[in-house]
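Asker: What follows is model_24.txt, compact mmCIF, C-alpha atoms.
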# COMPACT_ATOMS: atom_id res chain seq x y z
CA MET A 1 -73.24 3.95 28.02
CA PHE A 2 -69.92 5.67 28.64
CA SER A 3 -67.85 4.23 31.47
CA LEU A 4 -64.89 6.24 32.68
CA GLN A 5 -63.33 3.14 34.22
CA ASP A 6 -63.56 1.21 30.93
CA GLU A 7 -62.04 4.16 29.06
CA ILE A 8 -59.16 4.41 31.51
CA ASP A 9 -58.51 0.67 31.26
CA ARG A 10 -58.59 0.80 27.44
CA VAL A 11 -56.23 3.75 27.21
CA ALA A 12 -53.90 2.23 29.82
CA ARG A 13 -53.67 -1.04 27.85
CA LYS A 14 -53.03 0.82 24.61
CA ALA A 15 -50.30 2.89 26.25
CA GLN A 16 -48.71 -0.27 27.62
CA GLU A 17 -48.76 -1.91 24.17
CA ASP A 18 -47.25 1.19 22.55
CA ALA A 19 -44.53 1.38 25.20
CA SER A 20 -43.70 -2.32 24.73
CA GLU A 21 -43.47 -1.82 20.97
CA ALA A 22 -41.22 1.20 21.44
CA ALA A 23 -39.02 -0.74 23.86
CA SER A 24 -38.67 -3.56 21.35
CA SER A 25 -37.50 -1.08 18.68
CA VAL A 26 -34.62 0.36 20.73
CA ILE A 27 -31.15 -1.19 20.55
CA SER A 28 -29.10 -1.29 23.70
CA ASP A 29 -26.48 1.44 23.68
CA ARG A 30 -24.06 -1.19 24.95
CA SER A 31 -24.56 -3.26 21.79
CA ILE A 32 -23.70 -0.24 19.66
CA GLU A 33 -20.69 0.54 21.83
CA GLN A 34 -19.42 -3.01 21.37
CA LEU A 35 -19.89 -2.79 17.61
CA ARG A 36 -18.00 0.51 17.58
CA ASP A 37 -15.15 -1.05 19.58
CA ASP A 38 -15.02 -4.10 17.28
CA LEU A 39 -14.73 -1.91 14.19
CA MET A 40 -12.04 0.24 15.79
CA GLU A 41 -10.04 -2.85 16.73
CA LEU A 42 -10.33 -4.27 13.20
CA ALA A 43 -9.30 -0.98 11.56
CA ARG A 44 -6.28 -0.66 13.83
CA ALA A 45 -5.23 -4.29 13.31
CA TYR A 46 -5.82 -4.15 9.53
CA ASN A 47 -2.20 -4.51 8.44
CA ALA A 48 -1.52 -7.29 10.95
CA LYS A 49 -4.25 -9.52 9.51
CA PRO A 50 -4.57 -11.34 6.18
CA SER A 51 -6.93 -9.52 3.81
CA LYS A 52 -9.29 -12.51 3.62
CA GLU A 53 -9.71 -12.41 7.39
CA VAL A 54 -10.40 -8.67 7.30
CA TRP A 55 -12.97 -9.24 4.58
CA THR A 56 -14.83 -11.91 6.57
CA ARG A 57 -14.82 -9.93 9.81
CA SER A 58 -15.80 -6.59 8.29
CA ALA A 59 -18.66 -8.21 6.33
CA ALA A 60 -20.00 -9.72 9.58
CA LEU A 61 -19.77 -6.35 11.33
CA ARG A 62 -21.59 -4.61 8.50
CA ASP A 63 -24.40 -7.18 8.72
CA GLU A 64 -24.57 -6.64 12.48
CA ALA A 65 -24.79 -2.86 12.05
CA GLU A 66 -27.55 -3.21 9.46
CA GLY A 67 -29.48 -5.66 11.65
CA HIS A 68 -29.43 -3.18 14.52
CA ARG A 69 -30.30 -0.25 12.26
CA LYS A 70 -33.40 -1.97 10.91
CA ARG A 71 -34.67 -2.62 14.44
CA THR A 72 -34.17 0.75 16.07
CA ARG A 73 -36.42 3.76 15.64
CA VAL A 74 -34.20 6.11 17.61
CA PRO A 75 -32.78 8.72 15.15
CA ALA A 76 -29.47 9.09 16.98
CA GLN A 77 -28.96 5.32 16.96
CA GLN A 78 -29.88 5.09 13.29
CA GLN A 79 -27.32 7.74 12.38
CA GLU A 80 -24.61 6.06 14.46
CA LEU A 81 -25.36 2.69 12.87
CA LEU A 82 -25.24 4.20 9.38
CA ILE A 83 -21.74 5.46 10.15
CA LEU A 84 -20.66 2.10 11.59
CA ALA A 85 -22.06 0.21 8.61
CA GLY A 86 -20.18 2.63 6.35
CA GLN A 87 -16.94 2.06 8.23
CA ALA A 88 -17.33 -1.71 7.88
CA THR A 89 -18.09 -1.30 4.17
CA SER A 90 -14.96 0.85 3.75
CA LEU A 91 -12.85 -1.91 5.32
CA MET A 92 -14.51 -4.42 2.98
CA ALA A 93 -13.57 -2.17 0.04
CA SER A 94 -9.94 -2.01 1.19
CA ALA A 95 -9.79 -5.77 1.69
CA ALA A 96 -11.34 -6.42 -1.73
CA PHE A 97 -8.81 -4.06 -3.30
CA ASP A 98 -5.90 -5.74 -1.53
CA LEU A 99 -7.15 -9.11 -2.79
CA GLY A 100 -7.12 -7.82 -6.36
CA LYS A 101 -10.90 -7.57 -6.79
CA LEU A 102 -11.00 -3.99 -8.04
CA ALA A 103 -14.53 -3.94 -9.48
CA GLY A 104 -15.98 -5.15 -6.19
CA ALA A 105 -13.79 -2.72 -4.27
CA ARG A 106 -15.11 0.16 -6.37
CA ARG A 107 -18.73 -0.80 -5.74
CA LEU A 108 -18.10 -1.13 -2.00
CA ALA A 109 -16.29 2.21 -1.81
CA ARG A 110 -19.23 3.89 -3.51
CA THR A 111 -21.58 2.20 -1.05
CA ALA A 112 -19.47 3.47 1.86
CA GLY A 113 -19.81 6.95 0.40
CA VAL A 114 -23.60 6.56 0.30
CA TYR A 115 -23.57 5.61 3.99
CA GLY A 116 -21.51 8.71 4.74
CA GLU A 117 -23.85 10.91 2.72
CA SER A 118 -26.95 9.43 4.39
CA ALA A 119 -25.46 9.97 7.85
CA ARG A 120 -24.20 13.46 6.92
CA PHE A 121 -20.73 12.32 8.01
CA THR A 122 -18.17 13.95 5.71
CA PRO A 123 -15.03 12.11 6.96
CA LEU A 124 -16.52 8.82 5.73
CA ARG A 125 -17.40 10.41 2.39
CA ALA A 126 -13.86 11.75 2.08
CA TYR A 127 -12.33 8.38 2.90
CA ALA A 128 -14.58 6.61 0.39
CA ASP A 129 -13.82 9.11 -2.37
CA GLY A 130 -10.09 8.73 -1.67
CA THR A 131 -10.44 4.98 -2.07
CA LEU A 132 -12.34 5.47 -5.32
CA ALA A 133 -9.56 7.81 -6.49
CA TYR A 134 -6.75 5.29 -6.11
CA ILE A 135 -8.90 2.55 -7.63
CA ALA A 136 -9.39 4.92 -10.59
CA TYR A 137 -5.68 5.26 -11.32
CA PHE A 138 -5.12 1.56 -10.75
CA THR A 139 -7.69 0.89 -13.45
CA GLY A 140 -6.16 3.35 -15.90
CA ASP A 141 -8.14 6.54 -15.22
CA PRO A 142 -5.81 8.94 -13.36
CA ALA A 143 -7.76 11.99 -14.57
CA GLN A 144 -10.82 10.72 -12.71
CA ALA A 145 -8.62 10.09 -9.67
CA VAL A 146 -7.62 13.77 -9.65
CA VAL A 147 -11.29 14.78 -9.79
CA LEU A 148 -12.32 12.43 -6.98
CA ALA A 149 -9.49 13.43 -4.66
CA GLY A 150 -10.13 17.11 -5.33
CA GLN A 151 -13.83 16.64 -4.59
CA ALA A 152 -13.06 14.93 -1.28
CA LEU A 153 -10.68 17.73 -0.29
CA SER A 154 -13.57 20.19 -0.57
CA TYR A 155 -15.65 18.48 2.13
CA PRO A 156 -16.01 20.40 5.40
CA GLY A 157 -15.24 18.71 8.69
CA ILE A 158 -12.26 16.59 7.66
CA GLY A 159 -9.00 16.65 9.62
CA ASP A 160 -5.42 17.15 8.53
CA VAL A 161 -4.72 13.41 8.29
CA ALA A 162 -7.57 13.10 5.79
CA VAL A 163 -6.19 16.05 3.82
CA ARG A 164 -2.70 14.49 3.80
CA ARG A 165 -4.06 11.17 2.52
CA LEU A 166 -6.08 12.81 -0.23
CA ARG A 167 -3.19 15.01 -1.35
CA ALA A 168 -0.89 11.97 -1.53
CA ILE A 169 -3.46 10.14 -3.67
CA LYS A 170 -3.91 13.19 -5.88
CA ALA A 171 -0.13 13.55 -6.24
CA ARG A 172 0.10 9.95 -7.45
CA ALA A 173 -2.68 10.55 -9.96
CA HIS A 174 -0.82 13.61 -11.31
CA GLY A 175 2.29 11.44 -11.53
CA HIS A 176 0.44 8.94 -13.71
CA LEU A 177 -0.69 11.85 -15.89
CA GLY A 178 2.90 13.07 -16.21
CA ASP A 179 2.16 16.38 -14.51
CA ILE A 180 5.54 16.78 -12.79
CA HIS A 181 4.88 20.24 -11.36
CA ALA A 182 1.53 19.31 -9.75
CA ALA A 183 2.96 16.08 -8.35
CA HIS A 184 5.97 17.80 -6.79
CA GLU A 185 3.81 20.60 -5.39
CA LEU A 186 1.49 18.12 -3.65
CA ILE A 187 4.42 16.11 -2.27
CA HIS A 188 5.73 19.34 -0.78
CA LEU A 189 2.34 20.17 0.74
CA THR A 190 1.94 16.77 2.36
CA GLY A 191 5.31 17.18 4.04
CA THR A 192 4.89 20.72 5.33
CA ASP A 193 1.19 21.21 6.04
CA ARG A 194 0.80 19.68 9.52
CA GLY A 195 -2.01 21.48 11.31
CA VAL A 196 -4.17 20.50 14.27
CA ALA A 197 -7.56 19.80 12.66
CA ARG A 198 -8.89 16.34 13.51
CA ASP A 199 -11.88 14.18 12.69
CA SER A 200 -13.26 11.12 14.44
CA LEU A 201 -12.52 8.70 11.58
CA HIS A 202 -9.02 9.44 10.28
CA ASP A 203 -7.71 10.54 13.69
CA GLY A 204 -10.09 9.05 16.25
CA ILE A 205 -10.07 5.52 14.84
CA ALA A 206 -6.95 5.80 12.64
CA GLY A 207 -5.43 2.44 11.67
CA GLU A 208 -6.51 1.70 8.11
CA PHE A 209 -8.48 4.97 8.21
CA GLY A 210 -5.36 6.92 9.14
CA PHE A 211 -2.30 7.81 7.11
CA SER A 212 0.96 7.30 8.98
CA ASP A 213 4.22 9.09 8.21
CA GLU A 214 5.75 5.91 6.78
CA ARG A 215 2.74 5.38 4.54
CA LEU A 216 3.05 8.95 3.32
CA SER A 217 6.75 8.49 2.54
CA MET A 218 6.05 5.26 0.67
CA SER A 219 3.37 7.00 -1.38
CA ASN A 220 5.71 9.90 -2.12
CA SER A 221 8.44 7.50 -3.27
CA SER A 222 6.05 5.91 -5.77
CA THR A 223 4.96 9.31 -7.05
CA ALA A 224 8.58 10.40 -7.41
CA LEU A 225 9.31 7.30 -9.51
CA LEU A 226 6.39 8.14 -11.79
CA VAL A 227 7.80 11.59 -12.52
CA GLY A 228 11.37 10.32 -12.93
CA ASP A 229 12.83 11.79 -9.72
CA THR A 230 14.90 8.81 -8.59
CA VAL A 231 16.79 10.77 -5.93
CA LEU A 232 13.58 11.82 -4.18
CA ALA A 233 12.18 8.32 -4.65
CA GLU A 234 15.16 6.72 -2.92
CA ASN A 235 15.14 9.26 -0.09
CA GLU A 236 11.41 8.81 0.57
CA ALA A 237 11.62 5.01 0.34
CA ARG A 238 14.53 4.95 2.79
CA ARG A 239 12.61 7.21 5.17
CA ALA A 240 9.54 4.96 4.99
CA LEU A 241 11.70 1.94 5.83
CA GLU A 242 13.38 3.73 8.72
CA LEU A 243 10.03 4.76 10.18
CA VAL A 244 8.31 1.39 9.81
CA THR A 245 11.23 -0.61 11.21
CA CYS A 246 11.27 1.61 14.31
CA ARG A 247 7.91 0.13 15.28
CA PRO A 248 7.55 -3.17 17.18
CA ALA A 249 7.63 -6.15 14.81
CA ASP A 250 3.93 -6.96 15.30
CA CYS A 251 2.95 -3.34 14.52
CA ARG A 252 4.84 -2.99 11.24
CA SER A 253 2.76 -2.57 8.11
CA ALA A 254 3.64 -5.32 5.63
CA PRO A 255 2.39 -3.25 2.65
CA VAL A 256 4.60 -0.32 3.67
CA LEU A 257 7.61 -2.50 4.44
CA GLY A 258 7.35 -4.37 1.15
CA GLY A 259 6.22 -1.41 -0.92
CA ALA A 260 9.02 0.89 0.23
CA SER A 261 11.55 -1.90 -0.38
CA ALA A 262 10.24 -2.32 -3.92
CA ASP A 263 10.39 1.43 -4.57
CA LEU A 264 13.94 1.59 -3.27
CA ALA A 265 14.90 -1.32 -5.52
CA MET A 266 13.25 0.38 -8.51
CA ALA A 267 15.19 3.60 -7.90
CA ARG A 268 18.42 1.61 -7.74
CA LEU A 269 17.59 -0.39 -10.87
CA LEU A 270 16.95 2.83 -12.76
CA ALA A 271 20.40 3.94 -11.62
CA GLY A 272 21.85 0.67 -13.00
CA ASP A 273 22.77 -0.95 -9.66
CA VAL A 274 21.34 -4.49 -9.66
CA ASP A 275 23.25 -5.64 -6.58
CA LYS A 276 21.88 -2.85 -4.40
CA ALA A 277 18.41 -3.40 -5.84
CA LEU A 278 18.53 -7.06 -4.82
CA ALA A 279 19.70 -6.08 -1.34
CA ALA A 280 16.81 -3.63 -1.00
CA LEU A 281 14.30 -6.38 -1.74
CA ALA A 282 15.19 -8.53 1.28
CA ALA A 283 12.27 -7.11 3.26
CA MET A 284 9.85 -7.66 0.39
CA TRP A 285 10.76 -11.33 -0.04
CA ALA A 286 9.97 -11.87 3.65
CA ILE A 287 6.34 -10.74 3.31
CA ALA A 288 4.02 -13.71 3.91
CA PRO A 289 1.95 -14.79 0.87
CA ASP A 290 -1.36 -13.86 2.52
CA LYS A 291 -0.10 -10.30 3.05
CA ARG A 292 1.14 -9.71 -0.49
CA VAL A 293 -1.55 -7.23 -1.42
CA THR A 294 -2.40 -5.57 -4.73
CA GLY A 295 -0.22 -2.48 -4.30
CA LEU A 296 2.82 -4.57 -3.46
CA LEU A 297 2.25 -6.97 -6.36
CA ALA A 298 1.90 -4.05 -8.76
CA ARG A 299 5.29 -2.75 -7.64
CA ALA A 300 6.83 -6.21 -8.08
CA ASP A 301 5.31 -6.41 -11.54
CA ARG A 302 6.83 -3.05 -12.51
CA LEU A 303 10.24 -4.19 -11.31
CA GLN A 304 10.01 -7.33 -13.41
CA ARG A 305 8.89 -5.43 -16.51
CA LEU A 306 11.76 -2.96 -16.12
CA VAL A 307 14.34 -5.74 -15.96
CA LEU A 308 12.81 -7.59 -18.91
CA SER A 309 12.57 -4.51 -21.11
CA HIS A 310 15.87 -2.76 -20.35
CA ARG A 311 18.78 -3.53 -22.63
CA ARG A 312 21.42 -3.12 -19.93
CA TYR A 313 20.01 -6.11 -17.98
CA ARG A 314 19.89 -8.61 -20.85
CA GLY A 315 22.01 -11.66 -20.07
CA SER A 316 22.69 -10.58 -16.48
CA ALA A 317 22.60 -13.47 -14.01
CA GLU A 318 21.50 -11.14 -11.21
CA ALA A 319 18.68 -9.73 -13.33
CA GLY A 320 17.58 -13.25 -14.26
CA GLU A 321 17.48 -14.20 -10.58
CA LEU A 322 15.39 -11.12 -9.83
CA VAL A 323 12.85 -11.97 -12.54
CA GLU A 324 12.48 -15.53 -11.26
CA ARG A 325 12.05 -14.44 -7.64
CA ILE A 326 9.44 -11.85 -8.56
CA ASP A 327 7.54 -14.43 -10.60
CA LEU A 328 7.43 -16.80 -7.63
CA PHE A 329 6.57 -13.96 -5.24
CA VAL A 330 3.54 -12.98 -7.34
CA ARG A 331 2.35 -16.52 -8.17
CA THR A 332 2.22 -17.54 -4.50
CA SER A 333 0.34 -14.44 -3.30
CA ALA A 334 -3.26 -14.47 -2.06
CA PRO A 335 -4.60 -12.37 -4.98
CA ALA A 336 -2.94 -14.67 -7.51
CA GLN A 337 -4.47 -17.71 -5.81
CA LEU A 338 -7.86 -15.99 -6.20
CA GLY A 339 -7.21 -15.45 -9.91
CA ALA A 340 -6.48 -11.72 -9.76
CA ALA A 341 -3.81 -10.39 -12.13
CA PRO A 342 -1.56 -7.64 -10.71
CA PRO A 343 -2.46 -4.17 -11.97
CA ALA A 344 0.17 -2.26 -13.89
CA LEU A 345 0.13 0.66 -11.47
CA GLY A 346 1.41 1.00 -7.90
CA ARG A 347 -0.51 2.12 -4.85
Let me see the file written as structure tokens.

Answerer:
Amino acid sequence: MFSLQDEIDRVARKAQEDASEAASSVISDRSIEQLRDDLMELARAYNAKPSKEVWTRSAALRDEAEGHRKRTRVPAQQQELLILAGQATSLMASAAFDLGKLAGARRLARTAGVYGESARFTPLRAYADGTLAYIAYFTGDPAQAVVLAGQALSYPGIGDVAVRRLRAIKARAHGHLGDIHAAHELIHLTGTDRGVARDSLHDGIAGEFGFSDERLSMSNSSTALLVGDTVLAENEARRALELVTCRPADCRSAPVLGGASADLAMARLLAGDVDKALAALAAMWAIAPDKRVTGLLARADRLQRLVLSHRRYRGSAEAGELVERIDLFVRTSAPAQLGAAPPALGR
């Protein structure tokens, strides 16, 4: 016999159970806000921390984002957590690269791109493809680097900082290919095309996701060396050093400081001035072992190979001192302690 009271009680209990289940599948917005803040802080402090520490922290944050994502059923929260997990994975890729683990870095960068694609967040896809591009030329495939950077530049919704980063990466790839015209054209574009378009990753978070003026100048100096323009290389390296040393000591990027010093020394070595090259390297020698990352070690390796292979430096006491100091500099670095050999190319 139908009882309205029993039916009301049954439906009320079922509604209560459904509401409780729904409540248990929603993540507090405050938890997501804290995760977002933690990732922003890590990205902005990237160059002040040893790469191993960045790796550990970013891996923990990715796990936290994934744990939250698997619990929530709220679409907006799921999308946000996909983006945050992708950001953490991108930082893991950068840390793996800096530690000399290029195969792992490539896999992680691809994974970050998948997160960006799943979340329909093109700035993350562009950042991931840019990372894949410079890994490509570090592993001897600059043609693929050109393709990847060009693909990322076609994504809608990316800001001018993202465009600048991708053009600098593409310029370096053209430099490795020996395409002098394309490399020079892109260097010119990165220096003159300063618009107002922004995105929430490269501009909003910035830090490791950004691309500062000193980082741009350092990249341009390396590209100029690849195409044999030692005058431009020295000018850009000097500008990078001027810009980075204007910052407070605890905000200076060790990779930029050391990398620009190495590029300046390379330009001076190519001009035959060993004394000035040694003087330029003072800032590089001061970089702590746990901050001697892959790009810096690659530059040091190129310096050493130039001195060892060039006839004019044979028998030179200064050149011999330089070779010995570079050898020690590389052997005591974090990547070397992990068994990673320095790549032959420079970031």

Asker: What does the distance from atom CA of A:Gly130 to atom CA of A:Ile187 come to in Å, to one decimal?

Answerer: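 Between atom CA of A:Gly130 and atom CA of A:Ile187 the gap works out to 16.3 Å.
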
Asker: In terms of the shortest atom-to-atom distance over all atoms listed in the file, which of A:Arg164, A:Arg325, A:Lys49, A:Arg312 is closest to A:Arg198?

Answerer: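 Distance minimum relative to A:Arg198 lands on A:Arg164.
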
Asker: Measuring between all atoms listed in the file, which one of A:Pro50, A:Gly295, A:Gly175, A:Pro335 shows the shortest distance to A:Leu225?

Answerer: A:Gly175

Asker: Mind pulling up the distance from atom CA of A:Glu234 to atom CA of A:Gly315?

Answerer: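 It comes out at 26.1 Å.
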
Asker: Could you make a table, as a Markdown table, of the residues of stretch 123-205 of chain A that have an atom within 10 Å of an atom of stretch 75-87 of chain A, each with its nearest atom pair and distance in Å to one decimal, counting only C-alpha atoms, in chain and number order?

Answerer:
| residue | atom | partner | partner_atom | distance |
| --- | --- | --- | --- | --- |
| A:Pro123 | CA | A:Ile83 | CA | 10.0 |
| A:Leu124 | CA | A:Gly86 | CA | 7.2 |
| A:Arg125 | CA | A:Gly86 | CA | 9.2 |
| A:Tyr127 | CA | A:Gln87 | CA | 9.5 |
| A:Ala128 | CA | A:Gly86 | CA | 9.1 |
| A:Leu201 | CA | A:Gln87 | CA | 8.7 |

Asker: With distances taken over only C-alpha atoms, which residue among A:Arg110, A:Ala282, A:Ala133, A:Ile180 lies nearest A:Thr223?

Answerer: A:Ile180

Asker: Could you check the closest approach to A:Ile169 for each of A:Leu232, A:Asp203, A:Ala197, A:Ser222 and tell me which residue wins, using all atoms listed in the file?

Answerer: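 Selected residue with least distance to A:Ile169: A:Ser222.
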
Asker: Please compute the atom CA of A:Met40-atom CA of A:Gly204 distance, one decimal, in Å.

Answerer: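 One can read the atom CA of A:Met40 to atom CA of A:Gly204 distance as 9.0 Å.
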
Asker: Nearest residue to A:Arg172 out of A:Ser200, A:Asn47, A:Thr139, A:Ser221, using only C-alpha atoms?

Answerer: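 Of all the options, A:Ser221 lies closest to A:Arg172.
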
Asker: Given the point (-25.4, -6.4, 12.8) in the file's coordinates, find the residues that have an atom at most 12 Å from it, counting only C-alpha atoms, and give them as a PyMOL selection string.

Answerer: chain A and resi 27+31-32+34-36+38-39+57-72+81-82+84-85+88

Asker: Counting all atoms listed in the file, figure out which residue out of A:Leu186, A:Leu328, A:Leu148, A:Ile135 gets nearest to A:Asp98.

Answerer: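 Distance minimum relative to A:Asp98 lands on A:Ile135.
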
Asker: If we count all atoms listed in the file and set the cut-off at 7 Å, which residues sit around A:Pro255, ignoring sequence neighbours fewer than 3 positions away in its own chain? Please answer as a list in words.

Answerer: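 Those residues are Gly258, Gly259, Val293 and Leu296 of chain A.
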
Asker: Please put the answer as lines of an AutoDock Vina configuration file: centre and edge lengths, in Å with one decimal, of a box along x, y and z that encloses all listed atoms of stretch 203-213 of chain A plus 3 Å on each side.

Answerer:
center_x = -2.9
center_y = 6.1
center_z = 11.7
size_x = 20.3
size_y = 14.8
size_z = 15.1
